[in-house]
file data.txt (compact mmCIF, C-alpha atoms)
# COMPACT_ATOMS: atom_id res chain seq x y z
CA MET A 1 -9.66 -2.28 17.08
CA LEU A 2 -9.53 0.91 15.04
CA HIS A 3 -6.73 2.33 17.17
CA ARG A 4 -4.66 -0.85 16.95
CA ALA A 5 -5.31 -1.23 13.21
CA GLY A 6 -3.93 2.29 12.70
CA HIS A 7 -0.74 1.30 14.52
CA ILE A 8 -0.44 -1.82 12.40
CA ALA A 9 -0.88 0.17 9.19
CA ASP A 10 1.95 2.47 10.29
CA GLN A 11 4.26 -0.54 10.66
CA LEU A 12 3.52 -2.15 7.29
CA ASP A 13 4.92 -1.35 3.87
CA THR A 14 2.52 0.66 1.73
CA PRO A 15 1.11 -2.26 -0.32
CA ALA A 16 0.37 -4.30 2.81
CA ALA A 17 -1.07 -1.27 4.63
CA ARG A 18 -3.65 -0.49 1.92
CA PRO A 19 -6.24 -3.05 3.09
CA VAL A 20 -5.93 -1.78 6.66
CA LEU A 21 -6.35 1.82 5.59
CA HIS A 22 -9.39 0.85 3.54
CA TRP A 23 -10.84 -1.08 6.49
CA LEU A 24 -10.38 1.91 8.79
CA GLY A 25 -12.83 3.92 6.70
CA ASP A 26 -15.21 1.13 5.69
CA GLN A 27 -18.47 2.04 7.42
CA ALA A 28 -20.32 -0.96 5.97
CA GLU A 29 -17.73 -3.34 7.41
CA HIS A 30 -17.93 -1.62 10.80
CA GLU A 31 -21.71 -2.09 10.75
CA HIS A 32 -21.18 -5.76 9.88
CA ALA A 33 -18.83 -6.10 12.86
CA LEU A 34 -21.37 -4.50 15.18
CA SER A 35 -24.07 -6.82 13.86
CA LEU A 36 -21.93 -9.87 14.63
CA LEU A 37 -21.06 -8.59 18.09
CA THR A 38 -24.70 -7.83 18.83
CA ARG A 39 -25.53 -11.46 18.02
CA GLY A 40 -22.76 -12.63 20.37
CA GLU A 41 -20.43 -13.71 17.57
CA THR A 42 -16.73 -12.93 17.19
CA TYR A 43 -15.52 -10.44 14.60
CA THR A 44 -12.02 -10.90 13.17
CA PHE A 45 -10.05 -8.74 10.78
CA THR A 46 -6.83 -10.28 9.45
CA VAL A 47 -4.06 -8.51 7.58
CA PHE A 48 -0.70 -9.84 6.53
CA ASP A 49 2.48 -9.03 4.70
CA ASP A 50 5.17 -11.41 3.50
CA THR A 51 6.27 -12.59 6.94
CA THR A 52 3.69 -11.44 9.47
CA ARG A 53 -0.02 -11.96 10.06
CA TYR A 54 -2.09 -9.76 12.34
CA ALA A 55 -5.50 -10.91 13.49
CA LEU A 56 -7.59 -8.37 15.34
CA SER A 57 -10.68 -9.81 16.94
CA ALA A 58 -13.46 -8.68 19.20
CA ARG A 59 -16.22 -10.53 20.96
CA ALA A 60 -19.09 -9.36 23.07
CA THR A 61 -18.97 -10.01 26.77
CA ARG A 62 -21.86 -10.13 29.13
CA SER A 63 -22.13 -7.19 31.43
CA ALA A 64 -22.13 -7.95 35.12
CA ARG A 65 -25.45 -6.71 36.50

call {"tool": "encode", "arguments": {"input": "data.txt", "output": "structure tokens"}}
result
Amino acid sequence: MLHRAGHIADQLDTPAARPVLHWLGDQAEHEHALSLLTRGETYTFTVFDDTTRYALSARATRSAR
């Protein structure tokens, strides 16, 4: 998600990119995401500009053992 969010930030105008750039360095939010994933929940980060909405999401999968 971090890699893709960086690409998205590069494509947005500066005002729309600010929340993404903040999110990229937000350790507390990353810990929140890991907490959700650990509990089996989905984590979604949404960013938008005037005409486009990006929703990045992650969910835990069961490992095949």

call {"tool": "residues_around", "arguments": {"input": "data.txt", "residues": "range 2-19 of chain A", "least_positions_apart": "3", "cutoff": "7 Å", "atoms": "only C-alpha atoms", "output": "ChimeraX atom specification"}}
result
/A:22-24,48-49

call {"tool": "write_last_selection", "arguments": {"input": "data.txt", "atoms": "C-alpha atoms", "output": "mmCIF file, keeping the file's coordinate frame"}}
result
data_model
loop_
_atom_site.group_PDB
_atom_site.id
_atom_site.type_symbol
_atom_site.label_atom_id
_atom_site.label_comp_id
_atom_site.auth_asym_id
_atom_site.auth_seq_id
_atom_site.Cartn_x
_atom_site.Cartn_y
_atom_site.Cartn_z
ATOM 1 C CA HIS A 22 -9.390 0.850 3.540
ATOM 2 C CA TRP A 23 -10.840 -1.080 6.490
ATOM 3 C CA LEU A 24 -10.380 1.910 8.790
ATOM 4 C CA PHE A 48 -0.700 -9.840 6.530
ATOM 5 C CA ASP A 49 2.480 -9.030 4.700
#

call {"tool": "closest_residue", "arguments": {"input": "data.txt", "among": "A:Arg39, A:Leu21, A:Asp26, A:Thr44", "to": "Leu56 in chain A", "atoms": "all atoms listed in the file"}}
result
A:Thr44

call {"tool": "atom_distance", "arguments": {"input": "data.txt", "atom1": "CA of Tyr43 in chain A", "atom2": "CA of Gly25 in chain A"}}
result
16.6 Å

call {"tool": "axis_aligned_box", "arguments": {"input": "data.txt", "around": "range 8-19 of chain A", "padding_each_side": "4 Å", "output": "lines of an AutoDock Vina configuration file"}}
result
center_x = -0.7
center_y = -0.9
center_z = 6.0
size_x = 19.2
size_y = 14.8
size_z = 20.7

call {"tool": "atom_distance", "arguments": {"input": "data.txt", "atom1": "CA of Thr46 in chain A", "atom2": "CA of Thr61 in chain A"}}
result
21.2 Å

call {"tool": "closest_residue", "arguments": {"input": "data.txt", "among": "A:Val47, A:Arg62, A:Ser57, A:Val20", "to": "Ala33 in chain A", "atoms": "all atoms listed in the file"}}
result
A:Ser57

call {"tool": "atom_distance", "arguments": {"input": "data.txt", "atom1": "CA of Met1 in chain A", "atom2": "CA of Thr51 in chain A"}}
result
21.5 Å

call {"tool": "residues_around", "arguments": {"input": "data.txt", "residues": "Ala60 in chain A", "least_positions_apart": "5", "cutoff": "9 Å", "atoms": "all atoms listed in the file", "output": "PDB file with C-alpha atoms, keeping the file's coordinate frame"}}
result
ATOM      1  CA  LEU A  36     -21.930  -9.870  14.630  1.00  0.00           C
ATOM      2  CA  LEU A  37     -21.060  -8.590  18.090  1.00  0.00           C
ATOM      3  CA  THR A  38     -24.700  -7.830  18.830  1.00  0.00           C
ATOM      4  CA  ARG A  39     -25.530 -11.460  18.020  1.00  0.00           C
ATOM      5  CA  GLY A  40     -22.760 -12.630  20.370  1.00  0.00           C
ATOM      6  CA  GLU A  41     -20.430 -13.710  17.570  1.00  0.00           C
ATOM      7  CA  THR A  42     -16.730 -12.930  17.190  1.00  0.00           C
TER       8      THR A  42
END

call {"tool": "decode", "arguments": {"input": "data.txt", "residues": "range 23-36 of chain A", "atoms": "all heavy atoms", "output": "PDB file, in the first residue's frame"}}
result
ATOM      1  N   TRP A  23      -0.114  10.526   5.305  1.00  0.00           N
ATOM      2  CA  TRP A  23      -0.399   9.126   5.612  1.00  0.00           C
ATOM      3  C   TRP A  23       0.848   8.257   5.477  1.00  0.00           C
ATOM      4  O   TRP A  23       1.065   7.347   6.272  1.00  0.00           O
ATOM      5  CB  TRP A  23      -1.515   8.613   4.695  1.00  0.00           C
ATOM      6  CG  TRP A  23      -1.900   7.197   4.936  1.00  0.00           C
ATOM      7  CD1 TRP A  23      -2.758   6.726   5.880  1.00  0.00           C
ATOM      8  CD2 TRP A  23      -1.415   6.052   4.220  1.00  0.00           C
ATOM      9  NE1 TRP A  23      -2.850   5.348   5.790  1.00  0.00           N
ATOM     10  CE2 TRP A  23      -2.030   4.920   4.777  1.00  0.00           C
ATOM     11  CE3 TRP A  23      -0.544   5.886   3.157  1.00  0.00           C
ATOM     12  CZ2 TRP A  23      -1.793   3.639   4.314  1.00  0.00           C
ATOM     13  CZ3 TRP A  23      -0.298   4.606   2.697  1.00  0.00           C
ATOM     14  CH2 TRP A  23      -0.924   3.503   3.271  1.00  0.00           C
ATOM     15  N   LEU A  24       1.670   8.552   4.481  1.00  0.00           N
ATOM     16  CA  LEU A  24       2.883   7.765   4.255  1.00  0.00           C
ATOM     17  C   LEU A  24       3.807   7.758   5.470  1.00  0.00           C
ATOM     18  O   LEU A  24       4.507   6.784   5.713  1.00  0.00           O
ATOM     19  CB  LEU A  24       3.640   8.274   3.025  1.00  0.00           C
ATOM     20  CG  LEU A  24       3.009   7.932   1.680  1.00  0.00           C
ATOM     21  CD1 LEU A  24       3.698   8.704   0.562  1.00  0.00           C
ATOM     22  CD2 LEU A  24       3.072   6.436   1.428  1.00  0.00           C
ATOM     23  N   GLY A  25       3.800   8.839   6.236  1.00  0.00           N
ATOM     24  CA  GLY A  25       4.680   8.919   7.398  1.00  0.00           C
ATOM     25  C   GLY A  25       3.973   8.776   8.734  1.00  0.00           C
ATOM     26  O   GLY A  25       4.581   8.986   9.782  1.00  0.00           O
ATOM     27  N   ASP A  26       2.714   8.411   8.715  1.00  0.00           N
ATOM     28  CA  ASP A  26       1.908   8.353   9.934  1.00  0.00           C
ATOM     29  C   ASP A  26       2.030   6.981  10.603  1.00  0.00           C
ATOM     30  O   ASP A  26       1.272   6.064  10.322  1.00  0.00           O
ATOM     31  CB  ASP A  26       0.448   8.662   9.592  1.00  0.00           C
ATOM     32  CG  ASP A  26      -0.421   8.837  10.810  1.00  0.00           C
ATOM     33  OD1 ASP A  26      -0.016   8.424  11.918  1.00  0.00           O
ATOM     34  OD2 ASP A  26      -1.528   9.384  10.656  1.00  0.00           O
ATOM     35  N   GLN A  27       2.992   6.860  11.506  1.00  0.00           N
ATOM     36  CA  GLN A  27       3.258   5.579  12.161  1.00  0.00           C
ATOM     37  C   GLN A  27       2.055   5.093  12.968  1.00  0.00           C
ATOM     38  O   GLN A  27       1.756   3.897  12.972  1.00  0.00           O
ATOM     39  CB  GLN A  27       4.495   5.690  13.062  1.00  0.00           C
ATOM     40  CG  GLN A  27       4.937   4.374  13.638  1.00  0.00           C
ATOM     41  CD  GLN A  27       5.361   3.369  12.563  1.00  0.00           C
ATOM     42  OE1 GLN A  27       5.929   3.734  11.541  1.00  0.00           O
ATOM     43  NE2 GLN A  27       5.090   2.104  12.807  1.00  0.00           N
ATOM     44  N   ALA A  28       1.354   5.991  13.623  1.00  0.00           N
ATOM     45  CA  ALA A  28       0.182   5.588  14.410  1.00  0.00           C
ATOM     46  C   ALA A  28      -0.892   4.979  13.511  1.00  0.00           C
ATOM     47  O   ALA A  28      -1.529   3.978  13.874  1.00  0.00           O
ATOM     48  CB  ALA A  28      -0.374   6.773  15.182  1.00  0.00           C
ATOM     49  N   GLU A  29      -1.092   5.554  12.343  1.00  0.00           N
ATOM     50  CA  GLU A  29      -2.086   5.012  11.410  1.00  0.00           C
ATOM     51  C   GLU A  29      -1.650   3.653  10.878  1.00  0.00           C
ATOM     52  O   GLU A  29      -2.464   2.748  10.702  1.00  0.00           O
ATOM     53  CB  GLU A  29      -2.340   5.986  10.264  1.00  0.00           C
ATOM     54  CG  GLU A  29      -3.447   5.560   9.339  1.00  0.00           C
ATOM     55  CD  GLU A  29      -4.829   5.469   9.991  1.00  0.00           C
ATOM     56  OE1 GLU A  29      -5.045   6.055  11.066  1.00  0.00           O
ATOM     57  OE2 GLU A  29      -5.702   4.792   9.430  1.00  0.00           O
ATOM     58  N   HIS A  30      -0.368   3.484  10.640  1.00  0.00           N
ATOM     59  CA  HIS A  30       0.142   2.197  10.173  1.00  0.00           C
ATOM     60  C   HIS A  30      -0.057   1.122  11.248  1.00  0.00           C
ATOM     61  O   HIS A  30      -0.424  -0.015  10.930  1.00  0.00           O
ATOM     62  CB  HIS A  30       1.614   2.299   9.783  1.00  0.00           C
ATOM     63  CG  HIS A  30       1.846   3.245   8.651  1.00  0.00           C
ATOM     64  ND1 HIS A  30       3.088   3.686   8.312  1.00  0.00           N
ATOM     65  CD2 HIS A  30       0.990   3.854   7.785  1.00  0.00           C
ATOM     66  CE1 HIS A  30       2.999   4.518   7.283  1.00  0.00           C
ATOM     67  NE2 HIS A  30       1.733   4.635   6.961  1.00  0.00           N
ATOM     68  N   GLU A  31       0.145   1.501  12.508  1.00  0.00           N
ATOM     69  CA  GLU A  31      -0.103   0.557  13.601  1.00  0.00           C
ATOM     70  C   GLU A  31      -1.588   0.212  13.694  1.00  0.00           C
ATOM     71  O   GLU A  31      -1.946  -0.937  13.960  1.00  0.00           O
ATOM     72  CB  GLU A  31       0.418   1.129  14.904  1.00  0.00           C
ATOM     73  CG  GLU A  31       1.937   1.170  14.956  1.00  0.00           C
ATOM     74  CD  GLU A  31       2.486   1.841  16.194  1.00  0.00           C
ATOM     75  OE1 GLU A  31       1.728   2.040  17.169  1.00  0.00           O
ATOM     76  OE2 GLU A  31       3.686   2.168  16.188  1.00  0.00           O
ATOM     77  N   HIS A  32      -2.445   1.205  13.459  1.00  0.00           N
ATOM     78  CA  HIS A  32      -3.888   0.956  13.440  1.00  0.00           C
ATOM     79  C   HIS A  32      -4.235  -0.038  12.328  1.00  0.00           C
ATOM     80  O   HIS A  32      -5.011  -0.974  12.544  1.00  0.00           O
ATOM     81  CB  HIS A  32      -4.644   2.272  13.241  1.00  0.00           C
ATOM     82  CG  HIS A  32      -6.096   2.105  13.000  1.00  0.00           C
ATOM     83  ND1 HIS A  32      -6.973   1.660  13.965  1.00  0.00           N
ATOM     84  CD2 HIS A  32      -6.846   2.311  11.889  1.00  0.00           C
ATOM     85  CE1 HIS A  32      -8.192   1.600  13.461  1.00  0.00           C
ATOM     86  NE2 HIS A  32      -8.138   1.995  12.202  1.00  0.00           N
ATOM     87  N   ALA A  33      -3.653   0.154  11.157  1.00  0.00           N
ATOM     88  CA  ALA A  33      -3.898  -0.759  10.038  1.00  0.00           C
ATOM     89  C   ALA A  33      -3.468  -2.176  10.390  1.00  0.00           C
ATOM     90  O   ALA A  33      -4.199  -3.132  10.155  1.00  0.00           O
ATOM     91  CB  ALA A  33      -3.158  -0.274   8.792  1.00  0.00           C
ATOM     92  N   LEU A  34      -2.293  -2.319  10.981  1.00  0.00           N
ATOM     93  CA  LEU A  34      -1.812  -3.644  11.361  1.00  0.00           C
ATOM     94  C   LEU A  34      -2.717  -4.284  12.408  1.00  0.00           C
ATOM     95  O   LEU A  34      -2.962  -5.492  12.374  1.00  0.00           O
ATOM     96  CB  LEU A  34      -0.375  -3.554  11.874  1.00  0.00           C
ATOM     97  CG  LEU A  34       0.676  -3.252  10.815  1.00  0.00           C
ATOM     98  CD1 LEU A  34       2.041  -3.048  11.475  1.00  0.00           C
ATOM     99  CD2 LEU A  34       0.736  -4.354   9.783  1.00  0.00           C
ATOM    100  N   SER A  35      -3.232  -3.478  13.320  1.00  0.00           N
ATOM    101  CA  SER A  35      -4.149  -3.987  14.334  1.00  0.00           C
ATOM    102  C   SER A  35      -5.415  -4.543  13.681  1.00  0.00           C
ATOM    103  O   SER A  35      -5.880  -5.635  14.026  1.00  0.00           O
ATOM    104  CB  SER A  35      -4.503  -2.873  15.317  1.00  0.00           C
ATOM    105  OG  SER A  35      -5.472  -3.310  16.235  1.00  0.00           O
ATOM    106  N   LEU A  36      -5.968  -3.796  12.735  1.00  0.00           N
ATOM    107  CA  LEU A  36      -7.160  -4.272  12.024  1.00  0.00           C
ATOM    108  C   LEU A  36      -6.871  -5.569  11.269  1.00  0.00           C
ATOM    109  O   LEU A  36      -7.644  -6.524  11.326  1.00  0.00           O
ATOM    110  CB  LEU A  36      -7.661  -3.213  11.041  1.00  0.00           C
ATOM    111  CG  LEU A  36      -8.321  -1.976  11.617  1.00  0.00           C
ATOM    112  CD1 LEU A  36      -8.601  -0.959  10.507  1.00  0.00           C
ATOM    113  CD2 LEU A  36      -9.602  -2.333  12.339  1.00  0.00           C
TER     114      LEU A  36
END
